[in-house]
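> One structure, as structure tokens, below. Some questions next.
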2 protein chains.
Amino acid sequence: MQRRHLIATGALVCSLLVLPALAAEQNKPTPTAKEILAKSTPAEWRTPDPQNLMVMQLPSGRVLIELAPDFTPLHAANIRTLVRQHYFDDLAIIRVQDNFVTQWGDPNDDENGDKRKLRSLGNASKTLAPEFTRAIDPKLPWTPLPDGDVYAPEVGFSEGFPVGRDPASGQEWVAHCYGTVGVARDVAPETGNGSSLYAVIGQARRLDHNLAVAGRVLEGMPLLSGLPRGPEPMGFYTQPQQRVSIESVRLAADLPAKDRPAIQVLRTDSASFAALVEAKRNGHNAFYPKPVGKLDLCGIDVPVREAKPAR
Amino acid sequence: MQRRHLIATGALVCSLLVLPALAAEQNKPTPTAKEILAKSTPAEWRTPDPQNLMVMQLPSGRVLIELAPDFTPLHAANIRTLVRQHYFDDLAIIRVQDNFVTQWGDPNDDENGDKRKLRSLGNASKTLAPEFTRAIDPKLPWTPLPDGDVYAPEVGFSEGFPVGRDPASGQEWVAHCYGTVGVARDVAPETGNGSSLYAVIGQARRLDHNLAVAGRVLEGMPLLSGLPRGPEPMGFYTQPQQRVSIESVRLAADLPAKDRPAIQVLRTDSASFAALVEAKRNGHNAFYPKPVGKLDLCGIDVPVREAKPAR
């Protein structure tokens with residue numbers, strides 16, 4: 001009856017997490033994500049460097065963002081400078097464009113804002129070298145995905161980030177998948193400085209290698225995606241009360257030890273991540289008469305868990 | 001100054017719609033979507049058959065869904081039967097799973113619901129032949145996209161729907177892109193009947209050819225995507241007050257003429273749609289140092305417009 005109970009929700013059943021009983025019915029049951037992660041070893045999990053972990057506090061909760069300094073070091077450094085000046089405190093989510101991005105920064109930085117009231121960038125740079133792509137670094141971990149991609153000649157994961165590569169140009173870049181955090185800019189490529197950031201909530205691969213990627217949301221995407229869309233064509237809010245205010249943004253490194261997020265991220269070069277990829281690709285159970293057989297770069301989440309408290 | 005004004009929003013500039021001034025700066029300016037649509041001819045637009053157009057009224061506004069009877073005729077017929085019985089009136093959005101789907105139907109159909117209170121399906125069938133795929137019909141219009149796909153051997157548009165095809169099996173199916181409306185079901189393939197539907201709000205291509213697609217949202221996606229995510233793993237709401245109630249669902253054909261949505265959809269086999277595809281693929285302007293060069297099946301919206309009132 002448990003099976004029926006799980007499924008009889010009028011529900012679309014899709015997550016391997018909820019199908020342990022079903023998988024067992026097959027001749028060759030596909031391990032569920034839960035089963036795969038239960039067998040993972042401690043060494044397969046990493047604790048994000050607190051210098052790279054941003055904690056954005058919204059009225060609705062906490063958003064955790066991991067910076068990507070191996071891909072965009074100048075941007076990571078500038079964002080750290082801004083955060084350490086408390087630049088983002090009391091700024092706001094200024095834009096939610098459906099099926100595209102949620103953007104935050106200085107409300108006076110938008111079209112109708114009062115430019116005289118723009119918050120100072122302080123010691124942070126106003127312009128930065130673009131860092132839209134970087135030379136492929138064979139020293140970085142690389143877990144290729146086998147099923148191709150529409151936008152990039154090669155795709156895979158590196159240090160937890162979804163990455164596109166072009167062997168012809170020798171360049172690689174973090175791709176604009178769900179949860180990727182990018183650096184908003186004006187027309188000129190060097191005008192992005194990290195004072196306005198966006199998280200991908202929809203189809204945004206067309207931004208790949210045309211914007212710098214600052215990092216990726218590890219926790220709290222629903223707080224950014226489940227917001228009313230702005231009324232302007234690009235999703236900007238038109239009234240101050242529509243905006244979600246940002247209480248604070250801090251680096252985990254600057255928080256008292258007791259307040260640091262205790263999270264771990266599954267290494268994307270681990271055997272357990274490879275098993276998750278394979279389960280997504282060729283998982284079969286009673287709900288799926290036909291295995292999917294493929295996985296696209298943006299089709300898999302990198303697991304994050306609460307770290308067990310030290311004893 | 002207009003250019004600077006458009007761009008100096010701290011903004012991520014992405015939509016061709018907002019870049020007319022920029023495109024003009026290039027040697028070979030790419031026409032903007034607005035320019036392409038301004039030159040479209042009346043014959044390139046179609047008025048959805050009112051027998052296929054569902055009007056779902058939410059407290060926040062109107063959601064328009066076009067059924068896909070050429071792909072899933074039994075489901076379209078059963079959904080029409082349900083709608084004509086006012087089956088959906090006062091039911092609710094019961095589930096929003098982040099980066100996946102928003103689902104609506106009978107709240108008593110979920111795990112914690114009271115099955116004795118389930119609304120009757122009346123004259124509608126409880127089970128239907130699955131219709132997950134159909135034999136490729138050379139008589140249906142077909143606009144292939146040239147850049148490949150991770151999940152399907154061939155992709156393109158047919159009658160306004162994003163479609164995957166497998167020449168080896170001779171089958172085709174509507175793909176689970178943003179806005180696609182699918183039929184929730186239990187484990188058994190024939191248990192989907194249209195009484196519980198979902199709209200894709202995230203990555204859901206893995207559902208392709210494993211669920212029946214009822215149609216596509218033409219208008220109102222932000223009302224379905226911009227909702228708080230449910231607290232359960234699959235996004236089900238746990239408290240009645242979390243749910244968004246459905247005021248009514250009607251077929252446009254059953255509404256008084258004055259209340260019918262006056263909308264038109266760009267034909268996906270039109271020259272203007274082909275021009276939009278090409279502008280997305282190879283559009284270049286000052287903001288994009290490197291043209292995208294590619295377009296994936298879920299990366300383009302099919303334009304919808306208000307029909308001009310008849311004189």
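Each chain of the structure tokens is named A, B, ... in the order shown, its residues numbered from 1; ligands are numbered from 1 in display order.
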Please identify which residues in segment 142-231 of chain A DSSP calls strand (DSSP E) from the backbone, and express them as an MDAnalysis selection string.
chainID A and resid 143:144 154:158 161:166 171:174 180:183 197:200 213:219
> If you keep N, CA and C atoms, can you produce a file of those selected residues as a CSV table (one decimal), in the first residue's frame?

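Final output, out_22.csv:
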```csv
chain,number,residue,atom,x,y,z
A,143,THR,N,34.5,16.8,-15.2
A,143,THR,CA,33.6,15.6,-15.3
A,143,THR,C,32.7,15.8,-16.5
A,144,PRO,N,33.1,15.3,-17.7
A,144,PRO,CA,32.3,15.5,-18.9
A,144,PRO,C,31.0,14.8,-18.8
A,154,GLU,N,31.6,21.0,-25.9
A,154,GLU,CA,31.7,20.1,-24.8
A,154,GLU,C,31.1,20.7,-23.5
A,155,VAL,N,30.5,19.8,-22.7
A,155,VAL,CA,30.0,20.3,-21.4
A,155,VAL,C,30.3,19.3,-20.3
A,156,GLY,N,30.3,19.8,-19.1
A,156,GLY,CA,30.6,18.9,-18.0
A,156,GLY,C,30.6,19.8,-16.7
A,157,PHE,N,31.1,19.2,-15.7
A,157,PHE,CA,31.1,19.9,-14.4
A,157,PHE,C,32.6,20.1,-13.9
A,158,SER,N,32.8,21.2,-13.3
A,158,SER,CA,34.1,21.5,-12.8
A,158,SER,C,34.0,22.3,-11.5
A,161,PHE,N,30.5,23.5,-10.8
A,161,PHE,CA,29.8,24.4,-11.7
A,161,PHE,C,29.6,23.7,-13.0
A,162,PRO,N,28.4,24.0,-13.7
A,162,PRO,CA,28.2,23.5,-15.0
A,162,PRO,C,29.0,24.3,-16.0
A,163,VAL,N,29.8,23.7,-16.8
A,163,VAL,CA,30.8,24.4,-17.6
A,163,VAL,C,30.7,23.9,-19.1
A,164,GLY,N,30.8,24.9,-20.0
A,164,GLY,CA,30.9,24.7,-21.4
A,164,GLY,C,32.4,24.9,-21.8
A,165,ARG,N,32.8,24.1,-22.8
A,165,ARG,CA,34.2,24.2,-23.3
A,165,ARG,C,34.2,24.2,-24.8
A,166,ASP,N,35.2,24.9,-25.4
A,166,ASP,CA,35.4,24.9,-26.8
A,166,ASP,C,36.8,24.5,-27.1
A,171,GLN,N,38.9,27.7,-24.8
A,171,GLN,CA,38.3,28.4,-23.7
A,171,GLN,C,37.2,27.6,-23.0
A,172,GLU,N,36.9,27.9,-21.8
A,172,GLU,CA,35.8,27.4,-21.0
A,172,GLU,C,35.1,28.5,-20.2
A,173,TRP,N,33.9,28.2,-19.8
A,173,TRP,CA,33.1,29.2,-19.1
A,173,TRP,C,32.0,28.4,-18.3
A,174,VAL,N,31.6,29.1,-17.2
A,174,VAL,CA,30.4,28.5,-16.5
A,174,VAL,C,29.2,28.9,-17.3
A,180,THR,N,22.7,29.6,-11.7
A,180,THR,CA,23.9,30.3,-12.0
A,180,THR,C,23.8,31.8,-11.7
A,181,VAL,N,24.8,32.4,-11.1
A,181,VAL,CA,24.7,33.8,-10.7
A,181,VAL,C,25.7,34.6,-11.6
A,182,GLY,N,25.2,35.6,-12.4
A,182,GLY,CA,26.0,36.3,-13.3
A,182,GLY,C,26.1,37.8,-12.9
A,183,VAL,N,27.0,38.4,-13.6
A,183,VAL,CA,27.3,39.8,-13.3
A,183,VAL,C,26.6,40.7,-14.4
A,197,LEU,N,23.9,41.8,-9.6
A,197,LEU,CA,24.0,40.4,-9.9
A,197,LEU,C,22.6,39.8,-10.2
A,198,TYR,N,22.7,38.7,-11.0
A,198,TYR,CA,21.4,38.1,-11.3
A,198,TYR,C,21.6,36.6,-11.1
A,199,ALA,N,20.5,35.9,-10.8
A,199,ALA,CA,20.4,34.5,-10.7
A,199,ALA,C,19.5,34.0,-11.9
A,200,VAL,N,19.9,33.0,-12.6
A,200,VAL,CA,19.2,32.4,-13.7
A,200,VAL,C,18.0,31.6,-13.1
A,213,VAL,N,30.3,35.1,-15.1
A,213,VAL,CA,29.6,34.3,-14.1
A,213,VAL,C,30.3,34.4,-12.8
A,214,ALA,N,29.6,34.9,-11.8
A,214,ALA,CA,30.2,35.1,-10.5
A,214,ALA,C,30.2,33.8,-9.6
A,215,GLY,N,29.1,33.0,-9.8
A,215,GLY,CA,29.1,31.8,-9.0
A,215,GLY,C,27.7,31.1,-9.2
A,216,ARG,N,27.3,30.4,-8.2
A,216,ARG,CA,26.1,29.6,-8.3
A,216,ARG,C,25.4,29.6,-6.9
A,217,VAL,N,24.0,29.6,-7.0
A,217,VAL,CA,23.2,29.5,-5.8
A,217,VAL,C,23.3,28.1,-5.2
A,218,LEU,N,23.7,27.9,-4.0
A,218,LEU,CA,23.7,26.5,-3.4
A,218,LEU,C,22.5,26.3,-2.6
A,219,GLU,N,21.8,27.3,-2.1
A,219,GLU,CA,20.6,27.1,-1.3
A,219,GLU,C,19.8,28.4,-1.4
```
> Taking the backbone alone, and naming residues the way the document does, which bits of segment 73-301 of chain B are helix (DSSP H, G or I) by DSSP, as an MDAnalysis selection string?
chainID B and resid 73:84 107:109 115:117 189:191 205:207 221:225 240:242 252:254 257:259 271:282 297:299
> Specify as a ChimeraX atom specification all residues of chain A found within 7 Å of chain B, counting only C-alpha atoms.
/A:5,7-12,98,109-111,147-151,184-188,196,202-203,206,210,222,225-229,286-290,292,294,296,299
> Please save N, CA and C atoms of the selected residues as a compact mmCIF listing (two decimals), in the first residue's frame.

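Result file again_39.txt:
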```txt
# COMPACT_ATOMS: atom_id res chain seq x y z
N HIS A 5 0.21 4.67 -1.96
CA HIS A 5 0.08 5.90 -1.18
C HIS A 5 1.02 6.98 -1.70
N ILE A 7 2.13 7.29 -4.66
CA ILE A 7 1.86 7.71 -6.03
C ILE A 7 0.47 8.30 -6.20
N ALA A 8 -0.45 7.83 -5.40
CA ALA A 8 -1.83 8.25 -5.61
C ALA A 8 -2.07 9.65 -5.07
N THR A 9 -1.33 10.57 -5.61
CA THR A 9 -1.45 11.96 -5.19
C THR A 9 -2.01 12.78 -6.32
N GLY A 10 -2.55 12.12 -7.34
CA GLY A 10 -2.91 12.85 -8.55
C GLY A 10 -1.65 13.44 -9.11
N ALA A 11 -0.55 12.85 -8.74
CA ALA A 11 0.74 13.51 -8.87
C ALA A 11 1.51 13.08 -10.08
N LEU A 12 2.25 14.00 -10.54
CA LEU A 12 3.32 13.73 -11.47
C LEU A 12 4.47 13.21 -10.62
N ASP A 98 10.28 36.84 -16.11
CA ASP A 98 9.81 35.46 -16.18
C ASP A 98 10.64 34.63 -17.15
N ASP A 109 19.90 52.34 -9.61
CA ASP A 109 20.68 52.00 -10.79
C ASP A 109 19.77 51.64 -11.96
N ASP A 110 18.45 51.62 -11.75
CA ASP A 110 17.58 51.29 -12.89
C ASP A 110 17.11 52.57 -13.58
N GLU A 111 16.37 52.38 -14.64
CA GLU A 111 16.03 53.48 -15.54
C GLU A 111 15.40 54.68 -14.84
N ASP A 147 26.24 13.44 -23.36
CA ASP A 147 25.12 13.51 -24.30
C ASP A 147 25.06 14.76 -25.15
N GLY A 148 26.15 15.53 -25.18
CA GLY A 148 26.17 16.69 -26.06
C GLY A 148 25.43 17.88 -25.49
N ASP A 149 25.37 18.92 -26.31
CA ASP A 149 24.81 20.20 -25.87
C ASP A 149 24.53 21.01 -27.11
N VAL A 150 23.49 21.83 -27.06
CA VAL A 150 23.19 22.67 -28.22
C VAL A 150 24.18 23.82 -28.35
N TYR A 151 24.62 24.37 -27.22
CA TYR A 151 25.37 25.63 -27.26
C TYR A 151 26.88 25.48 -27.22
N ALA A 184 25.65 41.51 -13.93
CA ALA A 184 24.98 42.42 -14.84
C ALA A 184 25.96 43.50 -15.29
N ARG A 185 25.74 44.01 -16.48
CA ARG A 185 26.64 45.04 -16.99
C ARG A 185 25.89 45.94 -17.96
N ASP A 186 26.54 47.05 -18.34
CA ASP A 186 26.06 47.89 -19.41
C ASP A 186 26.54 47.31 -20.74
N VAL A 187 26.48 48.11 -21.80
CA VAL A 187 26.86 47.59 -23.11
C VAL A 187 28.34 47.20 -23.17
N ALA A 188 29.19 48.05 -22.68
CA ALA A 188 30.63 47.77 -22.80
C ALA A 188 31.00 46.57 -21.94
N SER A 196 25.75 44.63 -9.32
CA SER A 196 24.42 44.16 -9.68
C SER A 196 24.57 42.74 -10.20
N GLY A 202 15.41 30.77 -15.52
CA GLY A 202 14.75 30.22 -16.71
C GLY A 202 15.75 29.92 -17.81
N GLN A 203 15.33 30.15 -19.04
CA GLN A 203 16.17 29.84 -20.21
C GLN A 203 17.15 30.98 -20.42
N ARG A 206 21.68 31.61 -23.72
CA ARG A 206 22.15 32.56 -24.73
C ARG A 206 23.08 33.62 -24.12
N ASN A 210 29.02 35.62 -22.83
CA ASN A 210 28.82 37.04 -23.09
C ASN A 210 28.67 37.84 -21.80
N PRO A 222 14.35 28.95 -4.37
CA PRO A 222 12.91 29.28 -4.35
C PRO A 222 12.63 30.69 -3.85
N SER A 225 13.19 32.59 -7.15
CA SER A 225 12.38 32.21 -8.32
C SER A 225 10.88 32.38 -8.07
N GLY A 226 10.47 32.27 -6.81
CA GLY A 226 9.04 32.29 -6.52
C GLY A 226 8.51 33.67 -6.22
N LEU A 227 9.00 34.65 -6.93
CA LEU A 227 8.60 36.04 -6.70
C LEU A 227 7.72 36.54 -7.84
N PRO A 228 6.86 37.50 -7.55
CA PRO A 228 6.08 38.09 -8.63
C PRO A 228 7.01 38.70 -9.69
N ARG A 229 6.67 38.50 -10.92
CA ARG A 229 7.45 39.05 -12.02
C ARG A 229 7.20 40.56 -12.12
N ALA A 286 8.87 1.97 -12.58
CA ALA A 286 7.52 1.71 -13.10
C ALA A 286 6.89 2.96 -13.70
N PHE A 287 7.30 4.14 -13.25
CA PHE A 287 6.66 5.36 -13.74
C PHE A 287 7.11 5.72 -15.15
N TYR A 288 8.38 5.38 -15.47
CA TYR A 288 8.92 5.74 -16.77
C TYR A 288 8.95 4.53 -17.68
N PRO A 289 7.97 4.34 -18.53
CA PRO A 289 8.00 3.19 -19.44
C PRO A 289 9.24 3.22 -20.33
N LYS A 290 9.71 4.42 -20.65
CA LYS A 290 10.86 4.56 -21.55
C LYS A 290 11.93 5.37 -20.84
N VAL A 292 14.91 7.84 -20.05
CA VAL A 292 15.22 9.09 -20.73
C VAL A 292 16.44 8.90 -21.63
N LYS A 294 19.28 10.24 -21.69
CA LYS A 294 20.12 11.41 -21.91
C LYS A 294 20.06 12.32 -20.69
N ASP A 296 20.99 16.60 -20.01
CA ASP A 296 21.61 17.86 -20.47
C ASP A 296 22.30 18.55 -19.30
N GLY A 299 20.30 19.82 -16.51
CA GLY A 299 19.26 18.90 -16.06
C GLY A 299 19.57 18.17 -14.77
```
> Distance atom CA of Ala212 of chain A-atom CA of Glu131 of chain A, one decimal place?
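Straight-line distance from atom CA of Ala212 of chain A to atom CA of Glu131 of chain A works out to 5.6 Å.
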> Env of Ser272 of chain B: 7 Å cut, atoms = only C-alpha atoms, seq-sep filter 4 positions within chain, self excluded. Answer as a list in words.
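Counting only the stated atoms, we get Ile36, Leu37, Ser40 and Leu276 of chain B.
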> Extract, using only C-alpha atoms, all DNA, RNA and protein residues at most 10 Å from segment 250-258 of chain B, discarding same-chain residues fewer than 4 positions from it, and format them as a list in words.
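The neighbour list is Pro48, Asp49, Pro50, Gln51, Asn52, Leu53, Met54, Val55, Met56, Gln57, Leu64, Ile65, Glu66, Ile79, Arg80, Leu82, Val83, Arg84, Gln85, His86, Tyr87, Phe88, Asp89 and Ala262 of chain B.
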> Pick out the closest residue to Asp269 of chain A from this set: A:Val244, A:Val304, A:Ala43, A:Ile93. Count only C-alpha atoms.
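So, comparing all the options, the nearest one is A:Ala43.
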> Report, in Å to a single decimal, how far apart atom CA of Phe132 of chain A and atom CA of Ala168 of chain A are.
16.4 Å
> Work out how far apart atom CA of Pro73 of chain B and atom CA of Ala175 of chain B are and give it in Å to one decimal.
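Taking atom CA of Pro73 of chain B and atom CA of Ala175 of chain B, their separation equals 16.4 Å.
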